[in-house]
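What follows is a short report on a single structure.
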Amino acid sequence: MVESEGDAAAAATCTAVLTPPLSLQGGLAAELRPANLVQRVLSLFRNVLPGSDLSHFELPATFNLPKSQLQMYGEGVYCAGEDYLARCAGGKDSLQRLTSVVAWSISTTRPPIFGFAPYNPVLGETHHVSTGSLNVLLEQVSHHPPVSALHATDDGGNVELVWCQSPAPKFYGTSVEATVRGKREVRLLKLNERYEVDCPNLLIRLLPAPSVEWSGNVRVVCKDSGLEAELSYCRSRSFLGFGGDATCVKGRIFRSGSGDAVYEIDGHWDRTVSLKDVSTGKVSVLYDAERAIANLSTPVVEDQKGLSSSESAVVWGEVSEAIWRKDWEKAHQAKRRVEDRARKLQKERNERGEVWIPKHFSLSQNKNGDWECWPLEPSVPPAPIVVPSLQ
């Protein structure tokens with residue numbers, strides 16, 4: 001068996017460090033407020049040429065969130081107040097189910113923090129968490145380019161999620177935009193329905209007014225029912241890049257064949273999003289951020305012995321603990337050890353002529369250049385890390 005980067009990195013520490021998720025109130029945003037942040041961020045890109053791919057841009061630990069990108073993807077699924085995902089399989093008809101999937105997709109949008117980014121996962125890194133009856137497993141299946149895979153199933157056999165995501169951040173001189181390529185599917189198993197779901201881009205504006213926001217178009221398509229939705233994450237009117245509300249969401253739900261609109265969608269992903277019936281004019285609440293992503297619980301280790309050495313919270317545990325304590329020298333050294341170990345293992349594999357194979361997924365690239373992943377097991381087992389229920 002070939003040792004993975006996660007196995008090697010975990011040799012230095014067996015402690016899992018889990019930090020609060022991004023949420024509307026509290027969480028990491030309340031902890032990370034350094035002085036002179038804008039000037040520090042601008043200095044990072046002083047020698048970066050416009051058009052540069054930032055997929056492997058190495059950030060100093062002072063700019064890192066105390067968690068891996070793999071954990072960030074997972075938190076969008078398992079850290080939630082109201083369970084919008086469970087509603088998807090409970091809809092009385094295909095239209096109600098599609099609107100539920102749209103609401104759930106909005107709930108995966110979390111408040112970003114300007115000037116901070118998670119760690120780039122090392123090859124073979126995993127993240128395994130359970131919340132209620134939902135079990136979620138992620139794996140970093142490629143490092144060059146970075147590709148993350150996610151598989152989630154519930155104990156009742158109602159819902160399955162299969163994602164394959166490859167972020168592609170680029171620098172454009174006055175901004176950085178990260179698009180996410182790949183395929184995300186929500187499968188309602190007992191109803192034989194599959195929903196393909198896009199995700200918005202992350203736009204970091206450096207000038208004239210520094211900010212970070214979600215932007216771009218998102219499609220939710222169910223070929224089985226002939227229904228789909230289009231959402232636009234956008235900023236309300238601004239003047240020369242100043243002002244405006246960056247959390248607007250607008251869109252519609254319509255029939256794929258005819259293009260006839262059924263519902264109009266309007267609101268803000270960090271507040272409420274409404275649904276207007278085109279035929280009757282009736283307006284209802286599609287999504288309520290306060291109920292979905294406010295005051296979220298931090299995951300905890302329930303089974304210490306069940307932790308994998310490749311678990312994100314273990315691999316980066318020493319780094320995250322140092323960042324949390326603002327011990328920047330220790331954080332820098334610990335991060336360097338993880339990254340150096342990963343490079344050493346890759347070099348050894350190359351010298352032996354070995355090709356690394358993911359443990360939990362198969363991986364391929366389609367004719368459009370997008371990555372596709374398939375889980376090797378039909379379901380995800382309960383995890384050693386759990387999300388405490390909100391009281």
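Every chain in the structure tokens takes a letter, A first, then B, and so on in the order presented; its residues are numbered from 1, and the ligands are numbered from 1 following the presented order.
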_Near-A:Leu137 list (9 Å; only C-alpha atoms; drop same-chain fewer than 4 positions) as a ChimeraX atom specification_ = /A:74,126-130,149-152,360,380-381,383
In stretch 198-366 of chain A, DSSP strand (DSSP E) residues written as a tab-separated table (two decimals) with all heavy atoms, in the first residue's frame:
chain	number	residue	atom	x	y	z
A	201	ASN	N	-19.41	31.67	-8.60
A	201	ASN	CA	-17.99	31.99	-8.53
A	201	ASN	C	-17.73	32.85	-7.29
A	201	ASN	O	-18.62	33.55	-6.82
A	201	ASN	CB	-17.54	32.76	-9.77
A	201	ASN	CG	-17.81	31.99	-11.05
A	201	ASN	OD1	-17.84	30.76	-11.06
A	201	ASN	ND2	-18.01	32.71	-12.13
A	202	LEU	N	-16.50	32.81	-6.83
A	202	LEU	CA	-16.09	33.68	-5.73
A	202	LEU	C	-15.27	34.82	-6.31
A	202	LEU	O	-14.23	34.59	-6.94
A	202	LEU	CB	-15.28	32.92	-4.69
A	202	LEU	CG	-14.92	33.70	-3.42
A	202	LEU	CD1	-16.17	34.07	-2.65
A	202	LEU	CD2	-13.96	32.90	-2.55
A	203	LEU	N	-15.74	36.04	-6.13
A	203	LEU	CA	-15.08	37.22	-6.69
A	203	LEU	C	-14.48	38.06	-5.56
A	203	LEU	O	-15.18	38.50	-4.65
A	203	LEU	CB	-16.10	38.06	-7.47
A	203	LEU	CG	-15.58	39.37	-8.07
A	203	LEU	CD1	-14.48	39.11	-9.10
A	203	LEU	CD2	-16.74	40.14	-8.71
A	204	ILE	N	-13.17	38.26	-5.63
A	204	ILE	CA	-12.45	39.07	-4.66
A	204	ILE	C	-12.04	40.35	-5.35
A	204	ILE	O	-11.19	40.34	-6.26
A	204	ILE	CB	-11.22	38.33	-4.11
A	204	ILE	CG1	-11.62	36.99	-3.51
A	204	ILE	CG2	-10.48	39.19	-3.08
A	204	ILE	CD1	-10.44	36.08	-3.19
A	205	ARG	N	-12.64	41.46	-4.96
A	205	ARG	CA	-12.30	42.76	-5.54
A	205	ARG	C	-11.20	43.41	-4.69
A	205	ARG	O	-11.35	43.56	-3.49
A	205	ARG	CB	-13.53	43.67	-5.57
A	205	ARG	CG	-14.69	43.14	-6.40
A	205	ARG	CD	-15.86	44.12	-6.33
A	205	ARG	NE	-17.07	43.58	-6.94
A	205	ARG	CZ	-17.39	43.73	-8.23
A	205	ARG	NH1	-16.57	44.40	-9.03
A	205	ARG	NH2	-18.51	43.22	-8.71
A	211	SER	N	-13.46	43.94	-1.47
A	211	SER	CA	-14.63	43.17	-1.01
A	211	SER	C	-14.50	41.75	-1.51
A	211	SER	O	-13.65	41.43	-2.36
A	211	SER	CB	-15.93	43.79	-1.55
A	211	SER	OG	-15.97	43.71	-2.97
A	212	VAL	N	-15.33	40.88	-0.99
A	212	VAL	CA	-15.41	39.50	-1.47
A	212	VAL	C	-16.88	39.13	-1.56
A	212	VAL	O	-17.66	39.44	-0.66
A	212	VAL	CB	-14.63	38.53	-0.55
A	212	VAL	CG1	-15.13	38.59	0.89
A	212	VAL	CG2	-14.69	37.11	-1.09
A	213	GLU	N	-17.27	38.49	-2.66
A	213	GLU	CA	-18.69	38.21	-2.88
A	213	GLU	C	-18.86	37.02	-3.82
A	213	GLU	O	-17.95	36.64	-4.56
A	213	GLU	CB	-19.38	39.43	-3.48
A	213	GLU	CG	-18.80	39.85	-4.83
A	213	GLU	CD	-19.10	41.28	-5.19
A	213	GLU	OE1	-18.63	42.20	-4.47
A	213	GLU	OE2	-19.80	41.49	-6.19
A	214	TRP	N	-20.05	36.43	-3.77
A	214	TRP	CA	-20.42	35.37	-4.70
A	214	TRP	C	-21.03	36.00	-5.94
A	214	TRP	O	-21.80	36.95	-5.83
A	214	TRP	CB	-21.41	34.40	-4.05
A	214	TRP	CG	-20.83	33.67	-2.88
A	214	TRP	CD1	-21.07	33.91	-1.56
A	214	TRP	CD2	-19.91	32.59	-2.92
A	214	TRP	NE1	-20.34	33.06	-0.77
A	214	TRP	CE2	-19.62	32.23	-1.59
A	214	TRP	CE3	-19.28	31.89	-3.96
A	214	TRP	CZ2	-18.74	31.21	-1.26
A	214	TRP	CZ3	-18.40	30.88	-3.64
A	214	TRP	CH2	-18.15	30.53	-2.31
A	215	SER	N	-20.68	35.48	-7.12
A	215	SER	CA	-21.18	36.07	-8.35
A	215	SER	C	-21.36	35.00	-9.42
A	215	SER	O	-20.87	33.88	-9.28
A	215	SER	CB	-20.21	37.15	-8.86
A	215	SER	OG	-19.01	36.56	-9.32
A	216	GLY	N	-22.07	35.36	-10.49
A	216	GLY	CA	-22.22	34.45	-11.61
A	216	GLY	C	-23.55	33.72	-11.61
A	216	GLY	O	-24.39	33.92	-10.72
A	217	ASN	N	-23.72	32.89	-12.61
A	217	ASN	CA	-24.98	32.18	-12.82
A	217	ASN	C	-24.90	30.73	-12.35
A	217	ASN	O	-23.87	30.08	-12.49
A	217	ASN	CB	-25.37	32.22	-14.30
A	217	ASN	CG	-25.58	33.64	-14.80
A	217	ASN	OD1	-26.11	34.48	-14.07
A	217	ASN	ND2	-25.16	33.93	-16.02
A	218	VAL	N	-26.01	30.26	-11.82
A	218	VAL	CA	-26.12	28.89	-11.33
A	218	VAL	C	-27.34	28.24	-11.97
A	218	VAL	O	-28.41	28.86	-12.04
A	218	VAL	CB	-26.27	28.88	-9.78
A	218	VAL	CG1	-26.65	27.50	-9.28
A	218	VAL	CG2	-24.98	29.35	-9.12
A	219	ARG	N	-27.17	27.01	-12.44
A	219	ARG	CA	-28.29	26.26	-13.00
A	219	ARG	C	-28.56	25.03	-12.15
A	219	ARG	O	-27.64	24.37	-11.67
A	219	ARG	CB	-28.01	25.81	-14.44
A	219	ARG	CG	-27.89	26.96	-15.43
A	219	ARG	CD	-27.56	26.44	-16.82
A	219	ARG	NE	-28.68	25.73	-17.43
A	219	ARG	CZ	-28.60	24.54	-17.98
A	219	ARG	NH1	-27.46	23.87	-17.97
A	219	ARG	NH2	-29.67	23.98	-18.53
A	220	VAL	N	-29.82	24.73	-11.96
A	220	VAL	CA	-30.27	23.50	-11.31
A	220	VAL	C	-31.17	22.79	-12.32
A	220	VAL	O	-32.22	23.33	-12.69
A	220	VAL	CB	-31.04	23.78	-10.01
A	220	VAL	CG1	-31.52	22.47	-9.38
A	220	VAL	CG2	-30.17	24.56	-9.03
A	221	VAL	N	-30.76	21.62	-12.78
A	221	VAL	CA	-31.46	20.95	-13.87
A	221	VAL	C	-31.86	19.54	-13.46
A	221	VAL	O	-31.04	18.78	-12.93
A	221	VAL	CB	-30.57	20.86	-15.13
A	221	VAL	CG1	-31.31	20.16	-16.27
A	221	VAL	CG2	-30.13	22.24	-15.57
A	222	CYS	N	-33.13	19.19	-13.69
A	222	CYS	CA	-33.60	17.82	-13.50
A	222	CYS	C	-34.15	17.33	-14.84
A	222	CYS	O	-35.27	17.69	-15.23
A	222	CYS	CB	-34.67	17.75	-12.42
A	222	CYS	SG	-35.27	16.06	-12.12
A	227	LEU	N	-37.70	19.99	-15.60
A	227	LEU	CA	-37.74	21.28	-14.92
A	227	LEU	C	-36.32	21.76	-14.64
A	227	LEU	O	-35.41	20.95	-14.43
A	227	LEU	CB	-38.50	21.17	-13.60
A	227	LEU	CG	-40.01	20.89	-13.68
A	227	LEU	CD1	-40.53	20.48	-12.32
A	227	LEU	CD2	-40.76	22.12	-14.21
A	228	GLU	N	-36.14	23.06	-14.63
A	228	GLU	CA	-34.83	23.61	-14.27
A	228	GLU	C	-34.98	25.02	-13.71
A	228	GLU	O	-36.04	25.64	-13.82
A	228	GLU	CB	-33.87	23.61	-15.45
A	228	GLU	CG	-34.30	24.38	-16.66
A	228	GLU	CD	-33.30	24.19	-17.81
A	228	GLU	OE1	-32.20	24.80	-17.73
A	228	GLU	OE2	-33.62	23.45	-18.75
A	229	ALA	N	-33.89	25.46	-13.10
A	229	ALA	CA	-33.86	26.80	-12.51
A	229	ALA	C	-32.59	27.51	-12.93
A	229	ALA	O	-31.55	26.88	-13.15
A	229	ALA	CB	-33.92	26.71	-10.99
A	230	GLU	N	-32.70	28.82	-13.07
A	230	GLU	CA	-31.55	29.68	-13.33
A	230	GLU	C	-31.48	30.72	-12.22
A	230	GLU	O	-32.48	31.38	-11.92
A	230	GLU	CB	-31.69	30.40	-14.67
A	230	GLU	CG	-31.57	29.49	-15.88
A	230	GLU	CD	-31.77	30.26	-17.19
A	230	GLU	OE1	-32.35	31.37	-17.14
A	230	GLU	OE2	-31.35	29.73	-18.24
A	231	LEU	N	-30.32	30.83	-11.61
A	231	LEU	CA	-30.10	31.84	-10.56
A	231	LEU	C	-28.93	32.72	-10.96
A	231	LEU	O	-27.96	32.25	-11.55
A	231	LEU	CB	-29.78	31.17	-9.22
A	231	LEU	CG	-30.83	30.26	-8.57
A	231	LEU	CD1	-30.26	29.64	-7.31
A	231	LEU	CD2	-32.09	31.03	-8.28
A	232	SER	N	-29.02	33.99	-10.60
A	232	SER	CA	-27.93	34.91	-10.82
A	232	SER	C	-27.53	35.53	-9.49
A	232	SER	O	-28.36	36.18	-8.82
A	232	SER	CB	-28.34	36.01	-11.81
A	232	SER	OG	-27.30	36.97	-11.94
A	233	TYR	N	-26.29	35.28	-9.09
A	233	TYR	CA	-25.74	35.93	-7.89
A	233	TYR	C	-25.10	37.23	-8.37
A	233	TYR	O	-24.18	37.21	-9.19
A	233	TYR	CB	-24.68	35.03	-7.24
A	233	TYR	CG	-25.27	33.86	-6.47
A	233	TYR	CD1	-25.79	32.76	-7.14
A	233	TYR	CD2	-25.28	33.85	-5.09
A	233	TYR	CE1	-26.33	31.69	-6.44
A	233	TYR	CE2	-25.80	32.79	-4.38
A	233	TYR	CZ	-26.33	31.71	-5.07
A	233	TYR	OH	-26.85	30.66	-4.37
A	234	CYS	N	-25.59	38.34	-7.88
A	234	CYS	CA	-25.15	39.61	-8.45
A	234	CYS	C	-25.12	40.72	-7.39
A	234	CYS	O	-25.62	40.55	-6.28
A	234	CYS	CB	-26.06	40.02	-9.61
A	234	CYS	SG	-27.82	40.12	-9.15
A	248	CYS	N	-27.33	39.86	-3.68
A	248	CYS	CA	-28.58	39.68	-4.42
A	248	CYS	C	-28.62	38.34	-5.15
A	248	CYS	O	-27.61	37.88	-5.69
A	248	CYS	CB	-28.77	40.80	-5.44
A	248	CYS	SG	-28.93	42.44	-4.73
A	249	VAL	N	-29.80	37.73	-5.16
A	249	VAL	CA	-30.06	36.51	-5.93
A	249	VAL	C	-31.35	36.72	-6.71
A	249	VAL	O	-32.38	37.06	-6.12
A	249	VAL	CB	-30.20	35.27	-5.02
A	249	VAL	CG1	-30.51	34.03	-5.87
A	249	VAL	CG2	-28.94	35.04	-4.21
A	250	LYS	N	-31.28	36.52	-8.02
A	250	LYS	CA	-32.46	36.63	-8.86
A	250	LYS	C	-32.51	35.44	-9.80
A	250	LYS	O	-31.46	34.88	-10.14
A	250	LYS	CB	-32.43	37.93	-9.68
A	250	LYS	CG	-32.43	39.21	-8.85
A	250	LYS	CD	-32.38	40.44	-9.74
A	250	LYS	CE	-32.33	41.72	-8.90
A	250	LYS	NZ	-33.58	41.90	-8.12
A	251	GLY	N	-33.71	35.05	-10.22
A	251	GLY	CA	-33.78	33.94	-11.15
A	251	GLY	C	-35.20	33.49	-11.43
A	251	GLY	O	-36.17	34.20	-11.14
A	252	ARG	N	-35.32	32.29	-11.95
A	252	ARG	CA	-36.63	31.75	-12.28
A	252	ARG	C	-36.56	30.23	-12.33
A	252	ARG	O	-35.48	29.64	-12.51
A	252	ARG	CB	-37.11	32.27	-13.63
A	252	ARG	CG	-36.24	31.85	-14.81
A	252	ARG	CD	-36.69	32.44	-16.11
A	252	ARG	NE	-35.91	31.89	-17.23
A	252	ARG	CZ	-36.43	31.37	-18.33
A	252	ARG	NH1	-37.74	31.32	-18.49
A	252	ARG	NH2	-35.64	30.90	-19.29
A	253	ILE	N	-37.71	29.62	-12.17
A	253	ILE	CA	-37.88	28.17	-12.37
A	253	ILE	C	-38.80	28.02	-13.57
A	253	ILE	O	-39.83	28.68	-13.67
A	253	ILE	CB	-38.48	27.51	-11.11
A	253	ILE	CG1	-37.48	27.58	-9.95
A	253	ILE	CG2	-38.87	26.06	-11.39
A	253	ILE	CD1	-38.02	27.09	-8.63
A	254	PHE	N	-38.40	27.15	-14.50
A	254	PHE	CA	-39.16	27.04	-15.74
A	254	PHE	C	-39.13	25.61	-16.28
A	254	PHE	O	-38.36	24.76	-15.82
A	254	PHE	CB	-38.61	28.02	-16.78
A	254	PHE	CG	-37.16	27.79	-17.13
A	254	PHE	CD1	-36.79	27.07	-18.26
A	254	PHE	CD2	-36.15	28.33	-16.34
A	254	PHE	CE1	-35.46	26.87	-18.58
A	254	PHE	CE2	-34.80	28.14	-16.65
A	254	PHE	CZ	-34.46	27.40	-17.77
A	255	ARG	N	-39.98	25.37	-17.27
A	255	ARG	CA	-40.05	24.06	-17.93
A	255	ARG	C	-39.01	24.03	-19.06
A	255	ARG	O	-38.99	24.92	-19.92
A	255	ARG	CB	-41.46	23.79	-18.44
A	255	ARG	CG	-42.49	23.87	-17.31
A	255	ARG	CD	-43.86	23.35	-17.71
A	255	ARG	NE	-44.81	23.58	-16.63
A	255	ARG	CZ	-44.92	22.83	-15.54
A	255	ARG	NH1	-44.13	21.78	-15.40
A	255	ARG	NH2	-45.81	23.11	-14.60
A	261	ALA	N	-41.97	30.05	-17.75
A	261	ALA	CA	-41.64	30.28	-16.35
A	261	ALA	C	-42.77	29.83	-15.44
A	261	ALA	O	-43.95	30.05	-15.73
A	261	ALA	CB	-41.32	31.74	-16.11
A	262	VAL	N	-42.40	29.20	-14.33
A	262	VAL	CA	-43.37	28.77	-13.33
A	262	VAL	C	-43.25	29.67	-12.10
A	262	VAL	O	-44.27	30.10	-11.54
A	262	VAL	CB	-43.13	27.30	-12.92
A	262	VAL	CG1	-44.16	26.86	-11.88
A	262	VAL	CG2	-43.15	26.39	-14.14
A	263	TYR	N	-42.03	29.96	-11.68
A	263	TYR	CA	-41.78	30.82	-10.53
A	263	TYR	C	-40.70	31.84	-10.87
A	263	TYR	O	-39.80	31.57	-11.67
A	263	TYR	CB	-41.29	30.01	-9.32
A	263	TYR	CG	-42.31	29.09	-8.70
A	263	TYR	CD1	-42.13	27.72	-8.72
A	263	TYR	CD2	-43.44	29.59	-8.06
A	263	TYR	CE1	-43.03	26.86	-8.12
A	263	TYR	CE2	-44.36	28.75	-7.46
A	263	TYR	CZ	-44.16	27.38	-7.51
A	263	TYR	OH	-45.06	26.54	-6.92
A	264	GLU	N	-40.78	32.99	-10.23
A	264	GLU	CA	-39.70	33.97	-10.23
A	264	GLU	C	-39.04	33.97	-8.86
A	264	GLU	O	-39.72	33.82	-7.84
A	264	GLU	CB	-40.24	35.37	-10.56
A	264	GLU	CG	-40.76	35.49	-11.99
A	264	GLU	CD	-41.33	36.87	-12.28
A	264	GLU	OE1	-41.48	37.67	-11.31
A	264	GLU	OE2	-41.65	37.15	-13.45
A	265	ILE	N	-37.72	34.13	-8.84
A	265	ILE	CA	-36.94	34.07	-7.61
A	265	ILE	C	-36.27	35.42	-7.38
A	265	ILE	O	-35.68	35.99	-8.31
A	265	ILE	CB	-35.87	32.96	-7.69
A	265	ILE	CG1	-36.55	31.59	-7.86
A	265	ILE	CG2	-34.96	32.97	-6.47
A	265	ILE	CD1	-35.58	30.47	-8.21
A	266	ASP	N	-36.34	35.94	-6.14
A	266	ASP	CA	-35.75	37.24	-5.86
A	266	ASP	C	-35.44	37.36	-4.36
A	266	ASP	O	-36.23	36.91	-3.53
A	266	ASP	CB	-36.71	38.37	-6.28
A	266	ASP	CG	-36.05	39.73	-6.19
A	266	ASP	OD1	-34.84	39.83	-6.43
A	266	ASP	OD2	-36.76	40.70	-5.88
A	267	GLY	N	-34.30	37.92	-4.06
A	267	GLY	CA	-33.96	38.12	-2.65
A	267	GLY	C	-32.47	38.26	-2.43
A	267	GLY	O	-31.72	38.68	-3.32
A	268	HIS	N	-32.03	37.88	-1.23
A	268	HIS	CA	-30.63	37.97	-0.83
A	268	HIS	C	-30.25	36.68	-0.12
A	268	HIS	O	-30.95	36.25	0.81
A	268	HIS	CB	-30.41	39.16	0.11
A	268	HIS	CG	-30.79	40.48	-0.49
A	268	HIS	ND1	-32.09	40.94	-0.49
A	268	HIS	CD2	-30.04	41.42	-1.13
A	268	HIS	CE1	-32.13	42.11	-1.10
A	268	HIS	NE2	-30.90	42.43	-1.50
A	272	THR	N	-33.42	36.62	3.11
A	272	THR	CA	-34.46	35.72	2.61
A	272	THR	C	-34.52	35.80	1.09
A	272	THR	O	-34.17	36.82	0.49
A	272	THR	CB	-35.86	36.08	3.17
A	272	THR	OG1	-36.18	37.43	2.82
A	272	THR	CG2	-35.90	35.91	4.68
A	273	VAL	N	-34.96	34.70	0.50
A	273	VAL	CA	-35.18	34.62	-0.94
A	273	VAL	C	-36.63	34.21	-1.14
A	273	VAL	O	-37.10	33.23	-0.53
A	273	VAL	CB	-34.24	33.60	-1.61
A	273	VAL	CG1	-34.51	33.52	-3.11
A	273	VAL	CG2	-32.77	33.98	-1.36
A	274	SER	N	-37.34	34.95	-1.97
A	274	SER	CA	-38.77	34.70	-2.16
A	274	SER	C	-39.04	34.00	-3.48
A	274	SER	O	-38.24	34.05	-4.42
A	274	SER	CB	-39.56	36.01	-2.11
A	274	SER	OG	-39.16	36.87	-3.16
A	275	LEU	N	-40.20	33.38	-3.55
A	275	LEU	CA	-40.67	32.63	-4.71
A	275	LEU	C	-42.03	33.19	-5.11
A	275	LEU	O	-42.96	33.20	-4.30
A	275	LEU	CB	-40.79	31.15	-4.33
A	275	LEU	CG	-40.89	30.10	-5.43
A	275	LEU	CD1	-39.58	30.03	-6.21
A	275	LEU	CD2	-41.19	28.74	-4.81
A	276	LYS	N	-42.13	33.66	-6.34
A	276	LYS	CA	-43.40	34.23	-6.82
A	276	LYS	C	-44.00	33.34	-7.90
A	276	LYS	O	-43.36	33.06	-8.91
A	276	LYS	CB	-43.18	35.63	-7.39
A	276	LYS	CG	-44.45	36.30	-7.91
A	276	LYS	CD	-44.15	37.67	-8.47
A	276	LYS	CE	-45.41	38.32	-9.03
A	276	LYS	NZ	-45.13	39.67	-9.59
A	277	ASP	N	-45.21	32.87	-7.66
A	277	ASP	CA	-45.93	32.05	-8.64
A	277	ASP	C	-46.34	32.95	-9.81
A	277	ASP	O	-47.08	33.92	-9.63
A	277	ASP	CB	-47.16	31.42	-7.98
A	277	ASP	CG	-47.81	30.38	-8.86
A	277	ASP	OD1	-47.99	30.64	-10.07
A	277	ASP	OD2	-48.18	29.30	-8.35
A	283	VAL	N	-46.73	35.08	-3.41
A	283	VAL	CA	-45.33	35.12	-3.01
A	283	VAL	C	-45.14	34.33	-1.72
A	283	VAL	O	-45.92	34.49	-0.77
A	283	VAL	CB	-44.85	36.58	-2.81
A	283	VAL	CG1	-43.40	36.60	-2.33
A	283	VAL	CG2	-44.98	37.37	-4.11
A	284	SER	N	-44.12	33.49	-1.69
A	284	SER	CA	-43.80	32.70	-0.49
A	284	SER	C	-42.30	32.76	-0.25
A	284	SER	O	-41.52	33.17	-1.13
A	284	SER	CB	-44.26	31.25	-0.66
A	284	SER	OG	-43.66	30.66	-1.80
A	285	VAL	N	-41.88	32.36	0.93
A	285	VAL	CA	-40.45	32.35	1.27
A	285	VAL	C	-39.84	31.04	0.82
A	285	VAL	O	-40.25	29.95	1.24
A	285	VAL	CB	-40.24	32.54	2.79
A	285	VAL	CG1	-38.75	32.40	3.13
A	285	VAL	CG2	-40.75	33.90	3.24
A	286	LEU	N	-38.86	31.14	-0.07
A	286	LEU	CA	-38.14	29.96	-0.54
A	286	LEU	C	-37.02	29.58	0.42
A	286	LEU	O	-36.80	28.39	0.69
A	286	LEU	CB	-37.57	30.24	-1.94
A	286	LEU	CG	-36.63	29.18	-2.52
A	286	LEU	CD1	-37.40	27.89	-2.82
A	286	LEU	CD2	-35.95	29.70	-3.78
A	287	TYR	N	-36.32	30.60	0.93
A	287	TYR	CA	-35.13	30.34	1.73
A	287	TYR	C	-34.96	31.43	2.79
A	287	TYR	O	-35.14	32.61	2.51
A	287	TYR	CB	-33.90	30.32	0.81
A	287	TYR	CG	-32.58	30.24	1.54
A	287	TYR	CD1	-32.18	29.06	2.16
A	287	TYR	CD2	-31.75	31.35	1.62
A	287	TYR	CE1	-30.98	29.00	2.84
A	287	TYR	CE2	-30.55	31.29	2.30
A	287	TYR	CZ	-30.17	30.11	2.90
A	287	TYR	OH	-28.98	30.03	3.59
A	288	ASP	N	-34.61	31.02	4.00
A	288	ASP	CA	-34.40	31.94	5.11
A	288	ASP	C	-33.01	31.67	5.69
A	288	ASP	O	-32.77	30.65	6.36
A	288	ASP	CB	-35.47	31.73	6.18
A	288	ASP	CG	-35.38	32.74	7.32
A	288	ASP	OD1	-34.32	33.37	7.48
A	288	ASP	OD2	-36.38	32.90	8.04
A	300	VAL	N	-17.47	18.02	16.34
A	300	VAL	CA	-16.65	17.50	17.43
A	300	VAL	C	-16.25	16.06	17.13
A	300	VAL	O	-16.93	15.36	16.38
A	300	VAL	CB	-17.40	17.56	18.78
A	300	VAL	CG1	-17.72	18.99	19.16
A	300	VAL	CG2	-18.67	16.72	18.73
A	301	VAL	N	-15.15	15.64	17.71
A	301	VAL	CA	-14.71	14.24	17.56
A	301	VAL	C	-15.46	13.39	18.56
A	301	VAL	O	-15.38	13.60	19.76
A	301	VAL	CB	-13.19	14.11	17.78
A	301	VAL	CG1	-12.76	12.64	17.70
A	301	VAL	CG2	-12.43	14.94	16.76
A	361	PHE	N	-12.74	7.00	-4.41
A	361	PHE	CA	-13.38	7.42	-5.64
A	361	PHE	C	-12.58	6.96	-6.86
A	361	PHE	O	-11.37	6.76	-6.77
A	361	PHE	CB	-13.50	8.95	-5.71
A	361	PHE	CG	-14.35	9.57	-4.65
A	361	PHE	CD1	-13.82	9.88	-3.40
A	361	PHE	CD2	-15.69	9.86	-4.88
A	361	PHE	CE1	-14.61	10.45	-2.41
A	361	PHE	CE2	-16.48	10.43	-3.90
A	361	PHE	CZ	-15.94	10.73	-2.67
A	362	SER	N	-13.28	6.80	-7.98
A	362	SER	CA	-12.60	6.70	-9.27
A	362	SER	C	-12.70	8.07	-9.93
A	362	SER	O	-13.64	8.83	-9.67
A	362	SER	CB	-13.24	5.62	-10.15
A	362	SER	OG	-14.60	5.92	-10.40
A	363	LEU	N	-11.76	8.38	-10.80
A	363	LEU	CA	-11.63	9.73	-11.34
A	363	LEU	C	-11.34	9.69	-12.82
A	363	LEU	O	-10.55	8.87	-13.30
A	363	LEU	CB	-10.49	10.45	-10.61
A	363	LEU	CG	-10.08	11.85	-11.06
A	363	LEU	CD1	-11.19	12.85	-10.72
A	363	LEU	CD2	-8.77	12.27	-10.39
A	364	SER	N	-12.00	10.57	-13.59
A	364	SER	CA	-11.71	10.69	-15.02
A	364	SER	C	-12.01	12.10	-15.47
A	364	SER	O	-12.63	12.88	-14.76
A	364	SER	CB	-12.54	9.68	-15.83
A	364	SER	OG	-13.91	10.04	-15.83
A	365	GLN	N	-11.59	12.42	-16.69
A	365	GLN	CA	-11.81	13.73	-17.27
A	365	GLN	C	-12.60	13.56	-18.56
A	365	GLN	O	-12.23	12.75	-19.41
A	365	GLN	CB	-10.47	14.42	-17.54
A	365	GLN	CG	-10.55	15.92	-17.72
A	365	GLN	CD	-9.16	16.56	-17.74
A	365	GLN	OE1	-8.16	15.88	-17.88
A	365	GLN	NE2	-9.10	17.86	-17.59
*Quick one: distance from atom CA of A:Gly317 to atom CA of A:Phe114 in Å, one decimal?*
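Atom CA of A:Gly317 sits 23.0 Å away from atom CA of A:Phe114.
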_helix (DSSP H, G or I) residues, from DSSP on the backbone, in stretch 23-251 of chain A, as a ChimeraX atom specification_ = /A:27-31,37-44,61-63,69-78,84-90,94-107,189-191
*Any idea what the distance is between atom CA of A:Ser68 and atom CA of A:Val122?*
9.2 Å
*Straight-line distance linking atom CA of A:Ile357 with atom CA of A:Val386, stated in Å to one decimal*: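 For atom CA of A:Ile357 relative to atom CA of A:Val386, the distance reads 27.5 Å.
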_Give me, as JSON, numbers by chain, all polymer residues having an atom no more than 9 Å from A:Lys67, counting only C-alpha atoms and skipping those fewer than 4 positions away in the same chain._
{"A": [17, 18, 19, 71, 72, 117, 118, 119, 312, 313, 316, 317, 319, 320]}
*For stretch 100-105 of chain A, list every protein, DNA or RNA residue within 8 Å, evaluated using only C-alpha atoms, and leave out those in the same chain fewer than 4 positions away; present the list as a ChimeraX atom specification.*
/A:84-85,87-88,91,96,109,186,195,197,199,220,229,286-287
*Please identify all polymer residues within 8 Å of A:Glu318, counting only C-alpha atoms, omitting same-chain residues fewer than 4 positions from it, and present them as a VMD selection string.*
chain A and resid 13 15 17 314 322 331 334
